[in-house]
file start-v2.pdb (PDB, C-alpha atoms, pLDDT in the B column)
ATOM      1  CA  MET A 187      12.795 -81.786 138.306  1.00 90.00           C
ATOM      2  CA  THR A 188      13.408 -83.758 141.456  1.00 93.00           C
ATOM      3  CA  ASN A 189      13.146 -87.488 140.932  1.00 94.00           C
ATOM      4  CA  GLU A 190      10.093 -87.603 143.212  1.00 95.00           C
ATOM      5  CA  ASP A 191       8.419 -84.890 141.094  1.00 96.00           C
ATOM      6  CA  VAL A 192       9.206 -86.485 137.748  1.00 96.00           C
ATOM      7  CA  ILE A 193       7.924 -89.863 139.003  1.00 96.00           C
ATOM      8  CA  ASP A 194       4.679 -88.094 139.955  1.00 97.00           C
ATOM      9  CA  LEU A 195       4.424 -86.282 136.593  1.00 98.00           C
ATOM     10  CA  TYR A 196       5.192 -89.507 134.681  1.00 97.00           C
ATOM     11  CA  SER A 197       2.333 -91.290 136.447  1.00 98.00           C
ATOM     12  CA  ARG A 198      -0.121 -88.560 135.347  1.00 98.00           C
ATOM     13  CA  VAL A 199       0.698 -88.343 131.608  1.00 98.00           C
ATOM     14  CA  LYS A 200       0.815 -90.716 128.660  1.00 97.00           C
ATOM     15  CA  GLN A 201       2.291 -90.973 125.189  1.00 97.00           C
ATOM     16  CA  GLY A 202       0.691 -88.294 123.047  1.00 96.00           C
ATOM     17  CA  THR A 203       0.332 -85.758 125.874  1.00 97.00           C
ATOM     18  CA  VAL A 204       0.742 -82.240 124.445  1.00 96.00           C
ATOM     19  CA  VAL A 205       3.731 -80.274 125.723  1.00 94.00           C
ATOM     20  CA  VAL A 206       3.798 -76.498 125.245  1.00 92.00           C
ATOM     21  CA  VAL A 207       7.226 -74.976 125.804  1.00 89.00           C
ATOM     22  CA  LEU A 208       6.844 -71.205 126.020  1.00 87.00           C
ATOM     23  CA  GLU A 209       9.399 -69.097 124.136  1.00 81.00           C
ATOM     24  CA  PRO A 210      12.148 -67.410 126.137  1.00 74.00           C
ATOM     25  CA  ASN A 211      11.009 -64.014 127.443  1.00 71.00           C
ATOM     26  CA  HIS A 212       7.393 -64.981 126.885  1.00 66.00           C
ATOM     27  CA  GLY A 213       7.033 -66.577 130.267  1.00 58.00           C
ATOM     28  CA  ASP A 214       3.481 -66.311 131.464  1.00 59.00           C
ATOM     29  CA  SER A 215       3.675 -67.597 134.994  1.00 50.00           C
ATOM     30  CA  PRO A 216       1.071 -66.137 137.333  1.00 49.00           C
ATOM     31  CA  ILE A 217       3.989 -65.036 139.471  1.00 48.00           C
ATOM     32  CA  ASN A 218       6.184 -63.680 136.690  1.00 48.00           C
ATOM     33  CA  SER A 219       8.513 -61.343 138.540  1.00 43.00           C
ATOM     34  CA  ARG A 220       9.115 -59.216 135.437  1.00 47.00           C
ATOM     35  CA  MET A 221       5.395 -58.550 134.986  1.00 46.00           C
ATOM     36  CA  ALA A 222       5.110 -57.726 138.648  1.00 44.00           C
ATOM     37  CA  LYS A 223       7.861 -55.147 138.216  1.00 46.00           C
ATOM     38  CA  LEU A 224       6.127 -53.538 135.204  1.00 51.00           C
ATOM     39  CA  ALA A 225       2.948 -53.250 137.206  1.00 49.00           C
ATOM     40  CA  GLY A 226       4.796 -51.064 139.709  1.00 49.00           C
ATOM     41  CA  PRO A 227       4.916 -51.206 143.482  1.00 52.00           C
ATOM     42  CA  PRO A 228       1.876 -52.537 145.366  1.00 49.00           C
ATOM     43  CA  ARG A 229      -0.648 -49.849 146.188  1.00 48.00           C
TER      44      ARG A 229
ATOM     45  CA  MET B 108     -18.869 -46.015 164.681  1.00 53.00           C
ATOM     46  CA  SER B 109     -15.083 -46.059 164.384  1.00 59.00           C
ATOM     47  CA  TRP B 110     -14.979 -49.751 165.256  1.00 61.00           C
ATOM     48  CA  LEU B 111     -17.292 -50.429 162.315  1.00 62.00           C
ATOM     49  CA  LYS B 112     -15.075 -48.364 160.026  1.00 60.00           C
ATOM     50  CA  ALA B 113     -12.014 -50.259 161.201  1.00 59.00           C
ATOM     51  CA  LYS B 114     -13.783 -53.550 160.704  1.00 60.00           C
ATOM     52  CA  LEU B 115     -14.848 -52.582 157.167  1.00 58.00           C
ATOM     53  CA  GLY B 116     -11.300 -51.439 156.501  1.00 55.00           C
ATOM     54  CA  ILE B 117      -9.943 -54.839 157.518  1.00 54.00           C
ATOM     55  CA  LEU B 118     -12.574 -56.575 155.416  1.00 54.00           C
ATOM     56  CA  ALA B 119     -11.638 -54.442 152.378  1.00 53.00           C
ATOM     57  CA  ALA B 120      -7.953 -55.152 152.914  1.00 51.00           C
ATOM     58  CA  GLY B 121      -8.734 -58.832 153.064  1.00 51.00           C
ATOM     59  CA  LEU B 122     -10.654 -58.698 149.800  1.00 49.00           C
ATOM     60  CA  VAL B 123      -7.883 -56.783 148.035  1.00 49.00           C
ATOM     61  CA  LEU B 124      -5.286 -59.273 149.236  1.00 49.00           C
ATOM     62  CA  SER B 125      -7.251 -62.322 148.209  1.00 47.00           C
ATOM     63  CA  GLY B 126      -7.907 -60.686 144.831  1.00 45.00           C
ATOM     64  CA  CYS B 127      -4.254 -60.355 143.889  1.00 47.00           C
ATOM     65  CA  MET B 128      -2.619 -63.212 145.715  1.00 53.00           C
ATOM     66  CA  GLN B 129      -2.111 -66.517 143.945  1.00 63.00           C
ATOM     67  CA  ALA B 130      -3.215 -69.522 145.909  1.00 80.00           C
ATOM     68  CA  THR B 131      -0.114 -71.689 146.201  1.00 88.00           C
ATOM     69  CA  THR B 132      -0.476 -74.884 148.155  1.00 92.00           C
ATOM     70  CA  TYR B 133       2.811 -76.704 148.516  1.00 93.00           C
ATOM     71  CA  GLN B 134       2.200 -80.418 148.351  1.00 94.00           C
ATOM     72  CA  PRO B 135       5.020 -82.984 148.074  1.00 93.00           C
ATOM     73  CA  ALA B 136       4.656 -85.689 145.420  1.00 94.00           C
ATOM     74  CA  PRO B 137       2.634 -88.582 146.885  1.00 94.00           C
ATOM     75  CA  GLU B 138       4.889 -91.438 148.025  1.00 92.00           C
ATOM     76  CA  ALA B 139       2.294 -93.984 146.903  1.00 92.00           C
ATOM     77  CA  THR B 140       3.460 -93.470 143.293  1.00 92.00           C
ATOM     78  CA  LEU B 141       6.955 -94.755 144.125  1.00 95.00           C
ATOM     79  CA  LYS B 142       7.617 -98.323 142.996  1.00 95.00           C
ATOM     80  CA  PRO B 143       9.905-100.588 145.064  1.00 95.00           C
ATOM     81  CA  ALA B 144      12.653-100.063 142.442  1.00 94.00           C
ATOM     82  CA  ASP B 145      12.256 -96.298 142.846  1.00 95.00           C
ATOM     83  CA  LYS B 146      12.603 -96.463 146.622  1.00 95.00           C
ATOM     84  CA  ALA B 147      15.720 -98.651 146.303  1.00 94.00           C
ATOM     85  CA  GLN B 148      17.317 -96.231 143.816  1.00 93.00           C
ATOM     86  CA  LEU B 149      16.384 -93.066 145.715  1.00 93.00           C
ATOM     87  CA  ALA B 150      17.795 -94.505 148.966  1.00 93.00           C
ATOM     88  CA  LYS B 151      21.192 -94.733 147.194  1.00 91.00           C
ATOM     89  CA  ALA B 152      21.242 -91.012 146.315  1.00 88.00           C
ATOM     90  CA  GLN B 153      24.293 -89.272 147.750  1.00 85.00           C
ATOM     91  CA  TYR B 154      22.998 -85.757 147.065  1.00 80.00           C
ATOM     92  CA  ALA B 155      20.960 -83.583 149.396  1.00 78.00           C
ATOM     93  CA  LYS B 156      17.299 -83.402 148.398  1.00 75.00           C
ATOM     94  CA  VAL B 157      16.865 -79.736 149.167  1.00 75.00           C
ATOM     95  CA  VAL B 158      14.889 -77.521 146.812  1.00 85.00           C
ATOM     96  CA  ASN B 159      14.071 -73.877 147.564  1.00 84.00           C
ATOM     97  CA  GLU B 160      10.436 -73.361 148.460  1.00 84.00           C
ATOM     98  CA  PRO B 161       9.265 -71.557 145.295  1.00 88.00           C
ATOM     99  CA  PHE B 162      10.412 -74.566 143.268  1.00 92.00           C
ATOM    100  CA  ARG B 163       8.731 -77.234 145.354  1.00 94.00           C
ATOM    101  CA  ARG B 164       5.713 -79.046 143.926  1.00 96.00           C
ATOM    102  CA  ALA B 165       2.576 -76.970 144.436  1.00 95.00           C
ATOM    103  CA  ILE B 166      -1.082 -76.814 143.469  1.00 96.00           C
ATOM    104  CA  VAL B 167      -1.703 -73.363 141.957  1.00 94.00           C
ATOM    105  CA  ASP B 168      -4.370 -71.359 140.138  1.00 93.00           C
ATOM    106  CA  TYR B 169      -3.938 -71.579 136.366  1.00 92.00           C
ATOM    107  CA  HIS B 170      -5.213 -68.768 134.148  1.00 88.00           C
ATOM    108  CA  ARG B 171      -4.107 -69.817 130.658  1.00 88.00           C
ATOM    109  CA  LYS B 172      -6.275 -71.614 128.096  1.00 88.00           C
ATOM    110  CA  GLU B 173      -4.422 -74.908 127.668  1.00 93.00           C
ATOM    111  CA  MET B 174      -6.612 -77.974 128.124  1.00 94.00           C
ATOM    112  CA  PRO B 175      -6.485 -80.063 131.301  1.00 96.00           C
ATOM    113  CA  GLY B 176      -3.856 -82.767 130.830  1.00 97.00           C
ATOM    114  CA  THR B 177      -1.465 -80.466 128.924  1.00 96.00           C
ATOM    115  CA  ILE B 178       2.098 -79.889 130.114  1.00 96.00           C
ATOM    116  CA  VAL B 179       3.203 -76.243 129.890  1.00 94.00           C
ATOM    117  CA  VAL B 180       6.838 -75.316 130.444  1.00 91.00           C
ATOM    118  CA  ASP B 181       7.624 -71.741 131.462  1.00 88.00           C
ATOM    119  CA  SER B 182      11.391 -71.699 130.971  1.00 82.00           C
ATOM    120  CA  ASP B 183      11.815 -68.089 132.104  1.00 81.00           C
ATOM    121  CA  ASN B 184      10.422 -68.839 135.519  1.00 86.00           C
ATOM    122  CA  HIS B 185      11.686 -72.422 135.801  1.00 88.00           C
ATOM    123  CA  TYR B 186       8.254 -73.903 136.213  1.00 92.00           C
ATOM    124  CA  LEU B 187       6.484 -76.810 134.563  1.00 94.00           C
ATOM    125  CA  TYR B 188       2.687 -76.948 134.860  1.00 96.00           C
ATOM    126  CA  LEU B 189       0.431 -79.948 134.441  1.00 97.00           C
ATOM    127  CA  VAL B 190      -2.965 -78.382 133.767  1.00 96.00           C
ATOM    128  CA  GLN B 191      -5.816 -79.775 135.880  1.00 97.00           C
ATOM    129  CA  ASP B 192      -9.584 -79.352 135.776  1.00 96.00           C
ATOM    130  CA  GLY B 193     -11.207 -76.327 137.400  1.00 94.00           C
ATOM    131  CA  GLY B 194      -8.574 -73.670 136.690  1.00 93.00           C
ATOM    132  CA  LYS B 195      -5.858 -75.397 138.678  1.00 95.00           C
ATOM    133  CA  ALA B 196      -2.456 -76.827 137.812  1.00 96.00           C
ATOM    134  CA  ILE B 197       0.246 -78.863 139.470  1.00 97.00           C
ATOM    135  CA  ARG B 198       3.394 -76.748 139.339  1.00 96.00           C
ATOM    136  CA  TYR B 199       6.871 -78.283 139.487  1.00 96.00           C
ATOM    137  CA  GLY B 200      10.249 -76.531 139.702  1.00 93.00           C
ATOM    138  CA  VAL B 201      12.627 -77.358 136.833  1.00 90.00           C
ATOM    139  CA  THR B 202      16.117 -76.756 135.556  1.00 84.00           C
ATOM    140  CA  VAL B 203      16.076 -75.586 131.922  1.00 76.00           C
ATOM    141  CA  GLY B 204      18.582 -75.502 129.113  1.00 68.00           C
ATOM    142  CA  GLU B 205      20.643 -72.355 128.644  1.00 60.00           C
ATOM    143  CA  GLU B 206      18.580 -69.840 126.733  1.00 47.00           C
ATOM    144  CA  ALA B 207      20.382 -70.334 123.406  1.00 42.00           C
ATOM    145  CA  LEU B 208      19.809 -74.090 123.571  1.00 58.00           C
ATOM    146  CA  ALA B 209      16.325 -74.047 124.991  1.00 60.00           C
ATOM    147  CA  PHE B 210      13.572 -75.642 122.950  1.00 76.00           C
ATOM    148  CA  SER B 211      10.303 -73.825 122.434  1.00 83.00           C
ATOM    149  CA  GLY B 212       7.145 -74.736 120.601  1.00 88.00           C
ATOM    150  CA  ILE B 213       4.535 -77.455 120.737  1.00 93.00           C
ATOM    151  CA  ALA B 214       5.478 -81.130 120.944  1.00 94.00           C
ATOM    152  CA  ARG B 215       4.006 -84.380 122.166  1.00 96.00           C
ATOM    153  CA  ILE B 216       5.370 -87.055 124.448  1.00 97.00           C
ATOM    154  CA  GLY B 217       6.594 -89.653 121.931  1.00 97.00           C
ATOM    155  CA  ASN B 218       8.284 -92.004 124.346  1.00 96.00           C
ATOM    156  CA  MET B 219       8.587 -92.481 128.122  1.00 97.00           C
ATOM    157  CA  ALA B 220      11.168 -94.354 130.171  1.00 96.00           C
ATOM    158  CA  GLU B 221      11.823 -95.305 133.798  1.00 97.00           C
ATOM    159  CA  TRP B 222      15.396 -94.879 135.101  1.00 96.00           C
ATOM    160  CA  PRO B 223      16.528 -94.245 131.508  1.00 95.00           C
ATOM    161  CA  LYS B 224      20.054 -94.669 130.246  1.00 93.00           C
ATOM    162  CA  TRP B 225      21.566 -91.487 128.870  1.00 89.00           C
ATOM    163  CA  THR B 226      23.152 -91.415 125.423  1.00 88.00           C
ATOM    164  CA  PRO B 227      24.710 -87.950 125.061  1.00 86.00           C
ATOM    165  CA  THR B 228      24.120 -86.450 121.608  1.00 83.00           C
ATOM    166  CA  ALA B 229      27.014 -85.551 119.291  1.00 86.00           C
ATOM    167  CA  GLU B 230      26.333 -81.920 120.180  1.00 82.00           C
ATOM    168  CA  ILE B 231      26.778 -82.619 123.907  1.00 82.00           C
ATOM    169  CA  HIS B 232      29.957 -84.634 123.276  1.00 87.00           C
ATOM    170  CA  LYS B 233      31.308 -81.623 121.393  1.00 86.00           C
ATOM    171  CA  ARG B 234      30.639 -79.307 124.326  1.00 82.00           C
ATOM    172  CA  ILE B 235      31.691 -81.632 127.151  1.00 82.00           C
ATOM    173  CA  GLU B 236      34.798 -83.727 126.521  1.00 86.00           C
ATOM    174  CA  GLY B 237      35.360 -87.147 128.017  1.00 87.00           C
ATOM    175  CA  LEU B 238      31.757 -88.277 128.367  1.00 86.00           C
ATOM    176  CA  PRO B 239      31.094 -91.998 127.954  1.00 90.00           C
ATOM    177  CA  ALA B 240      29.059 -93.113 124.910  1.00 91.00           C
ATOM    178  CA  SER B 241      26.242 -94.156 127.251  1.00 91.00           C
ATOM    179  CA  VAL B 242      25.477 -93.782 130.972  1.00 90.00           C
ATOM    180  CA  PRO B 243      23.424 -96.615 132.539  1.00 93.00           C
ATOM    181  CA  GLY B 244      20.128 -95.770 134.249  1.00 94.00           C
ATOM    182  CA  GLY B 245      20.196 -95.105 137.990  1.00 92.00           C
ATOM    183  CA  VAL B 246      20.399 -92.491 140.666  1.00 88.00           C
ATOM    184  CA  ASP B 247      23.706 -91.042 139.388  1.00 87.00           C
ATOM    185  CA  ASN B 248      22.416 -90.654 135.825  1.00 90.00           C
ATOM    186  CA  PRO B 249      21.730 -86.986 134.949  1.00 88.00           C
ATOM    187  CA  LEU B 250      18.308 -87.949 133.536  1.00 90.00           C
ATOM    188  CA  GLY B 251      17.208 -89.213 136.954  1.00 93.00           C
ATOM    189  CA  ALA B 252      14.172 -91.395 137.627  1.00 95.00           C
ATOM    190  CA  ARG B 253      12.077 -90.780 134.507  1.00 95.00           C
ATOM    191  CA  ALA B 254      12.366 -89.271 131.031  1.00 94.00           C
ATOM    192  CA  LEU B 255       9.647 -87.974 128.724  1.00 95.00           C
ATOM    193  CA  TYR B 256      10.927 -87.728 125.144  1.00 93.00           C
ATOM    194  CA  LEU B 257       9.440 -84.855 123.145  1.00 92.00           C
ATOM    195  CA  TYR B 258       8.512 -85.518 119.519  1.00 94.00           C
ATOM    196  CA  GLN B 259       7.126 -83.370 116.713  1.00 93.00           C
ATOM    197  CA  GLY B 260       5.296 -85.791 114.426  1.00 92.00           C
ATOM    198  CA  ASN B 261       7.635 -88.781 114.086  1.00 92.00           C
ATOM    199  CA  ARG B 262      10.724 -86.690 114.727  1.00 91.00           C
ATOM    200  CA  ASP B 263      12.511 -86.873 118.081  1.00 89.00           C
ATOM    201  CA  THR B 264      13.272 -83.273 119.021  1.00 87.00           C
ATOM    202  CA  LEU B 265      16.122 -84.595 121.230  1.00 81.00           C
ATOM    203  CA  PHE B 266      14.635 -82.625 124.113  1.00 84.00           C
ATOM    204  CA  ARG B 267      13.495 -84.379 127.241  1.00 88.00           C
ATOM    205  CA  ILE B 268      11.654 -83.668 130.437  1.00 92.00           C
ATOM    206  CA  HIS B 269      13.521 -85.650 133.082  1.00 92.00           C
ATOM    207  CA  GLY B 270      14.632 -86.080 136.686  1.00 92.00           C
ATOM    208  CA  THR B 271      17.995 -85.028 138.023  1.00 87.00           C
ATOM    209  CA  ASN B 272      21.018 -86.061 140.025  1.00 85.00           C
ATOM    210  CA  GLN B 273      21.657 -82.412 140.938  1.00 83.00           C
ATOM    211  CA  PRO B 274      18.522 -81.126 142.689  1.00 85.00           C
ATOM    212  CA  GLU B 275      20.481 -78.085 143.899  1.00 82.00           C
ATOM    213  CA  TYR B 276      20.255 -76.638 140.368  1.00 80.00           C
ATOM    214  CA  ILE B 277      16.472 -76.678 140.209  1.00 86.00           C
ATOM    215  CA  GLY B 278      15.416 -73.099 139.513  1.00 79.00           C
ATOM    216  CA  ALA B 279      18.591 -72.470 137.486  1.00 73.00           C
ATOM    217  CA  SER B 280      19.507 -72.727 133.785  1.00 71.00           C
ATOM    218  CA  ILE B 281      22.195 -75.334 133.165  1.00 66.00           C
ATOM    219  CA  SER B 282      20.789 -78.550 131.728  1.00 62.00           C
ATOM    220  CA  SER B 283      21.827 -79.437 128.123  1.00 61.00           C
ATOM    221  CA  GLY B 284      18.819 -77.861 126.489  1.00 57.00           C
ATOM    222  CA  CYS B 285      16.612 -80.216 128.444  1.00 64.00           C
ATOM    223  CA  ILE B 286      13.919 -79.578 130.973  1.00 69.00           C
ATOM    224  CA  GLY B 287      15.188 -81.365 134.052  1.00 66.00           C
TER     225      GLY B 287
END

call {"tool": "encode", "arguments": {"input": "start-v2.pdb", "output": "structure tokens"}}
result
Amino acid sequence: MTNEDVIDLYSRVKQGTVVVVLEPNHGDSPINSRMAKLAGPPR
Amino acid sequence: MSWLKAKLGILAAGLVLSGCMQATTYQPAPEATLKPADKAQLAKAQYAKVVNEPFRRAIVDYHRKEMPGTIVVDSDNHYLYLVQDGGKAIRYGVTVGEEALAFSGIARIGNMAEWPKWTPTAEIHKRIEGLPASVPGGVDNPLGARALYLYQGNRDTLFRIHGTNQPEYIGASISSGCIG
């Protein structure tokens, strides 16, 4: 992360905050390019 | 009548677009969070602070079920989300560890540090020769401005969410199994 971003993130979390690290190839981003490909070209 | 048809057509197109497009509002980290020590350190940075647009900080829609306040790291897409109320999240671009090294699972922040020193693990020393035993905190330290140390119970997983001294790699996979 950029230093500016990590300073921002740090200020918003605390010890004990839950961190979920998704498994490789299980990415679930709303703009997952692989999923977009599976869905086919835009209609 | 054709004008009405055209108008309805445009309206329909608009609805379809808004239905499938993700609202992404790019929003730089607020400067107010920077402490005087941060400003002094950042001013010393020799590297360019250029990050490609998709990896800049943004407010986005969030459709998963994690609770507000949770950090979710999507290594595949090089994004880290901080879940907010109301189906939104703050999305940050990250560098992640090479796939074989990458950590996955559920952890908690067990420790937090500002401008942390970096003590490379034995594993990192094995892979990269000639590293010092410890690198003092500062703008040239690979951990950057902040580090969040991930723990499972009382055990340090050795994985960290941290800043960087190489912003040009954000969006790529190079960091030593860390989320930078």

call {"tool": "closest_residue", "arguments": {"input": "start-v2.pdb", "among": "B:Pro223, B:Gly217, B:Gly237, B:Glu230", "to": "Gly260 (chain B)", "atoms": "all atoms listed in the file"}}
result
B:Gly217

call {"tool": "closest_residue", "arguments": {"input": "start-v2.pdb", "among": "B:Arg253, B:Arg234, B:Arg262, B:Lys142", "to": "chain A", "atoms": "all atoms listed in the file"}}
result
B:Arg253

call {"tool": "atom_distance", "arguments": {"input": "start-v2.pdb", "atom1": "CA of Asp168 (chain B)", "atom2": "CA of Arg198 (chain B)"}}
result
9.5 Å

call {"tool": "atom_distance", "arguments": {"input": "start-v2.pdb", "atom1": "CA of Val204 (chain A)", "atom2": "CA of Gly176 (chain B)"}}
result
7.9 Å

call {"tool": "atom_distance", "arguments": {"input": "start-v2.pdb", "atom1": "CA of Tyr186 (chain B)", "atom2": "CA of Val201 (chain B)"}}
result
5.6 Å

call {"tool": "resolve_selection", "arguments": {"input": "start-v2.pdb", "expression": "the PyMOL selection byres ((chain A and resi 187-191) around 10)", "output": "PyMOL selection string"}}
result
(chain A and resi 192-197) or (chain B and resi 135-138+140-141+145-146+149+156-158+162-164+185-187+198-203+222+246+250-253+268-278+286-287)

call {"tool": "resolve_selection", "arguments": {"input": "start-v2.pdb", "expression": "the PyMOL selection byres ((chain A and resi 201) around 12)", "output": "ChimeraX atom specification"}}
result
/A:196-200,202-205 /B:176-177,214-220,254-258

call {"tool": "residues_around", "arguments": {"input": "start-v2.pdb", "residues": "Gln191 (chain B)", "least_positions_apart": "5", "cutoff": "10 Å", "atoms": "all atoms listed in the file", "output": "ChimeraX atom specification"}}
result
/B:166-169,173-178,196-197

call {"tool": "closest_residue", "arguments": {"input": "start-v2.pdb", "among": "B:Asn261, B:Gly245, B:Ser211, B:Ala152", "to": "Asp181 (chain B)", "atoms": "only C-alpha atoms"}}
result
B:Ser211

call {"tool": "residues_around", "arguments": {"input": "start-v2.pdb", "residues": "Pro243 (chain B)", "least_positions_apart": "5", "cutoff": "8 Å", "atoms": "only C-alpha atoms", "output": "JSON, numbers by chain"}}
result
{"B": [223, 224, 225, 248]}

call {"tool": "resolve_selection", "arguments": {"input": "start-v2.pdb", "expression": "the PyMOL selection byres ((chain A and resi 207) around 6)", "output": "mmCIF file with C-alpha atoms, in the frame of the given file"}}
result
data_model
loop_
_atom_site.group_PDB
_atom_site.id
_atom_site.type_symbol
_atom_site.label_atom_id
_atom_site.label_comp_id
_atom_site.auth_asym_id
_atom_site.auth_seq_id
_atom_site.Cartn_x
_atom_site.Cartn_y
_atom_site.Cartn_z
ATOM 1 C CA VAL A 206 3.798 -76.498 125.245
ATOM 2 C CA LEU A 208 6.844 -71.205 126.020
ATOM 3 C CA VAL B 179 3.203 -76.243 129.890
ATOM 4 C CA VAL B 180 6.838 -75.316 130.444
ATOM 5 C CA SER B 211 10.303 -73.825 122.434
ATOM 6 C CA GLY B 212 7.145 -74.736 120.601
#

call {"tool": "axis_aligned_box", "arguments": {"input": "start-v2.pdb", "around": "region 168-185 of chain B", "padding_each_side": "4 Å", "output": "lines of an AutoDock Vina configuration file"}}
result
center_x = 2.6
center_y = -75.4
center_z = 133.9
size_x = 26.4
size_y = 22.7
size_z = 20.5

call {"tool": "build_atoms", "arguments": {"input": "start-v2.pdb", "residues": "region 196-215 of chain A", "atoms": "N, CA and C atoms", "output": "mmCIF file, in the frame of the given file"}}
result
data_model
loop_
_atom_site.group_PDB
_atom_site.id
_atom_site.type_symbol
_atom_site.label_atom_id
_atom_site.label_comp_id
_atom_site.auth_asym_id
_atom_site.auth_seq_id
_atom_site.Cartn_x
_atom_site.Cartn_y
_atom_site.Cartn_z
ATOM 1 N N TYR A 196 5.211 -88.342 135.584
ATOM 2 C CA TYR A 196 5.192 -89.507 134.681
ATOM 3 C C TYR A 196 3.928 -90.339 134.886
ATOM 4 N N SER A 197 3.504 -90.453 136.149
ATOM 5 C CA SER A 197 2.333 -91.290 136.447
ATOM 6 C C SER A 197 1.031 -90.622 136.002
ATOM 7 N N ARG A 198 1.087 -89.311 135.694
ATOM 8 C CA ARG A 198 -0.121 -88.560 135.347
ATOM 9 C C ARG A 198 -0.264 -88.278 133.860
ATOM 10 N N VAL A 199 0.751 -88.633 133.044
ATOM 11 C CA VAL A 199 0.698 -88.343 131.608
ATOM 12 C C VAL A 199 0.827 -89.640 130.821
ATOM 13 N N LYS A 200 0.642 -89.530 129.502
ATOM 14 C CA LYS A 200 0.815 -90.716 128.660
ATOM 15 C C LYS A 200 1.392 -90.300 127.318
ATOM 16 N N GLN A 201 1.791 -91.292 126.517
ATOM 17 C CA GLN A 201 2.291 -90.973 125.189
ATOM 18 C C GLN A 201 1.227 -90.178 124.453
ATOM 19 N N GLY A 202 1.639 -89.129 123.762
ATOM 20 C CA GLY A 202 0.691 -88.294 123.047
ATOM 21 C C GLY A 202 0.301 -87.033 123.810
ATOM 22 N N THR A 203 0.620 -86.975 125.101
ATOM 23 C CA THR A 203 0.332 -85.758 125.874
ATOM 24 C C THR A 203 0.989 -84.552 125.200
ATOM 25 N N VAL A 204 0.229 -83.464 125.078
ATOM 26 C CA VAL A 204 0.742 -82.240 124.445
ATOM 27 C C VAL A 204 1.638 -81.489 125.428
ATOM 28 N N VAL A 205 2.785 -81.049 124.918
ATOM 29 C CA VAL A 205 3.731 -80.274 125.723
ATOM 30 C C VAL A 205 3.928 -78.918 125.050
ATOM 31 N N VAL A 206 3.609 -77.856 125.756
ATOM 32 C CA VAL A 206 3.798 -76.498 125.245
ATOM 33 C C VAL A 206 5.001 -75.912 125.966
ATOM 34 N N VAL A 207 6.053 -75.607 125.202
ATOM 35 C CA VAL A 207 7.226 -74.976 125.804
ATOM 36 C C VAL A 207 7.214 -73.512 125.376
ATOM 37 N N LEU A 208 6.962 -72.626 126.334
ATOM 38 C CA LEU A 208 6.844 -71.205 126.020
ATOM 39 C C LEU A 208 8.198 -70.660 125.565
ATOM 40 N N GLU A 209 8.166 -69.706 124.633
ATOM 41 C CA GLU A 209 9.399 -69.097 124.136
ATOM 42 C C GLU A 209 10.105 -68.341 125.258
ATOM 43 N N PRO A 210 11.438 -68.239 125.155
ATOM 44 C CA PRO A 210 12.148 -67.410 126.137
ATOM 45 C C PRO A 210 11.580 -65.991 126.127
ATOM 46 N N ASN A 211 11.532 -65.378 127.264
ATOM 47 C CA ASN A 211 11.009 -64.014 127.443
ATOM 48 C C ASN A 211 9.515 -63.900 127.145
ATOM 49 N N HIS A 212 8.848 -65.018 127.013
ATOM 50 C CA HIS A 212 7.393 -64.981 126.885
ATOM 51 C C HIS A 212 6.740 -65.705 128.050
ATOM 52 N N GLY A 213 7.530 -65.865 129.090
ATOM 53 C CA GLY A 213 7.033 -66.577 130.267
ATOM 54 C C GLY A 213 5.724 -65.959 130.730
ATOM 55 N N ASP A 214 4.821 -66.794 131.134
ATOM 56 C CA ASP A 214 3.481 -66.311 131.464
ATOM 57 C C ASP A 214 3.045 -66.886 132.801
ATOM 58 N N SER A 215 4.006 -67.062 133.673
ATOM 59 C CA SER A 215 3.675 -67.597 134.994
ATOM 60 C C SER A 215 2.825 -66.581 135.747
#
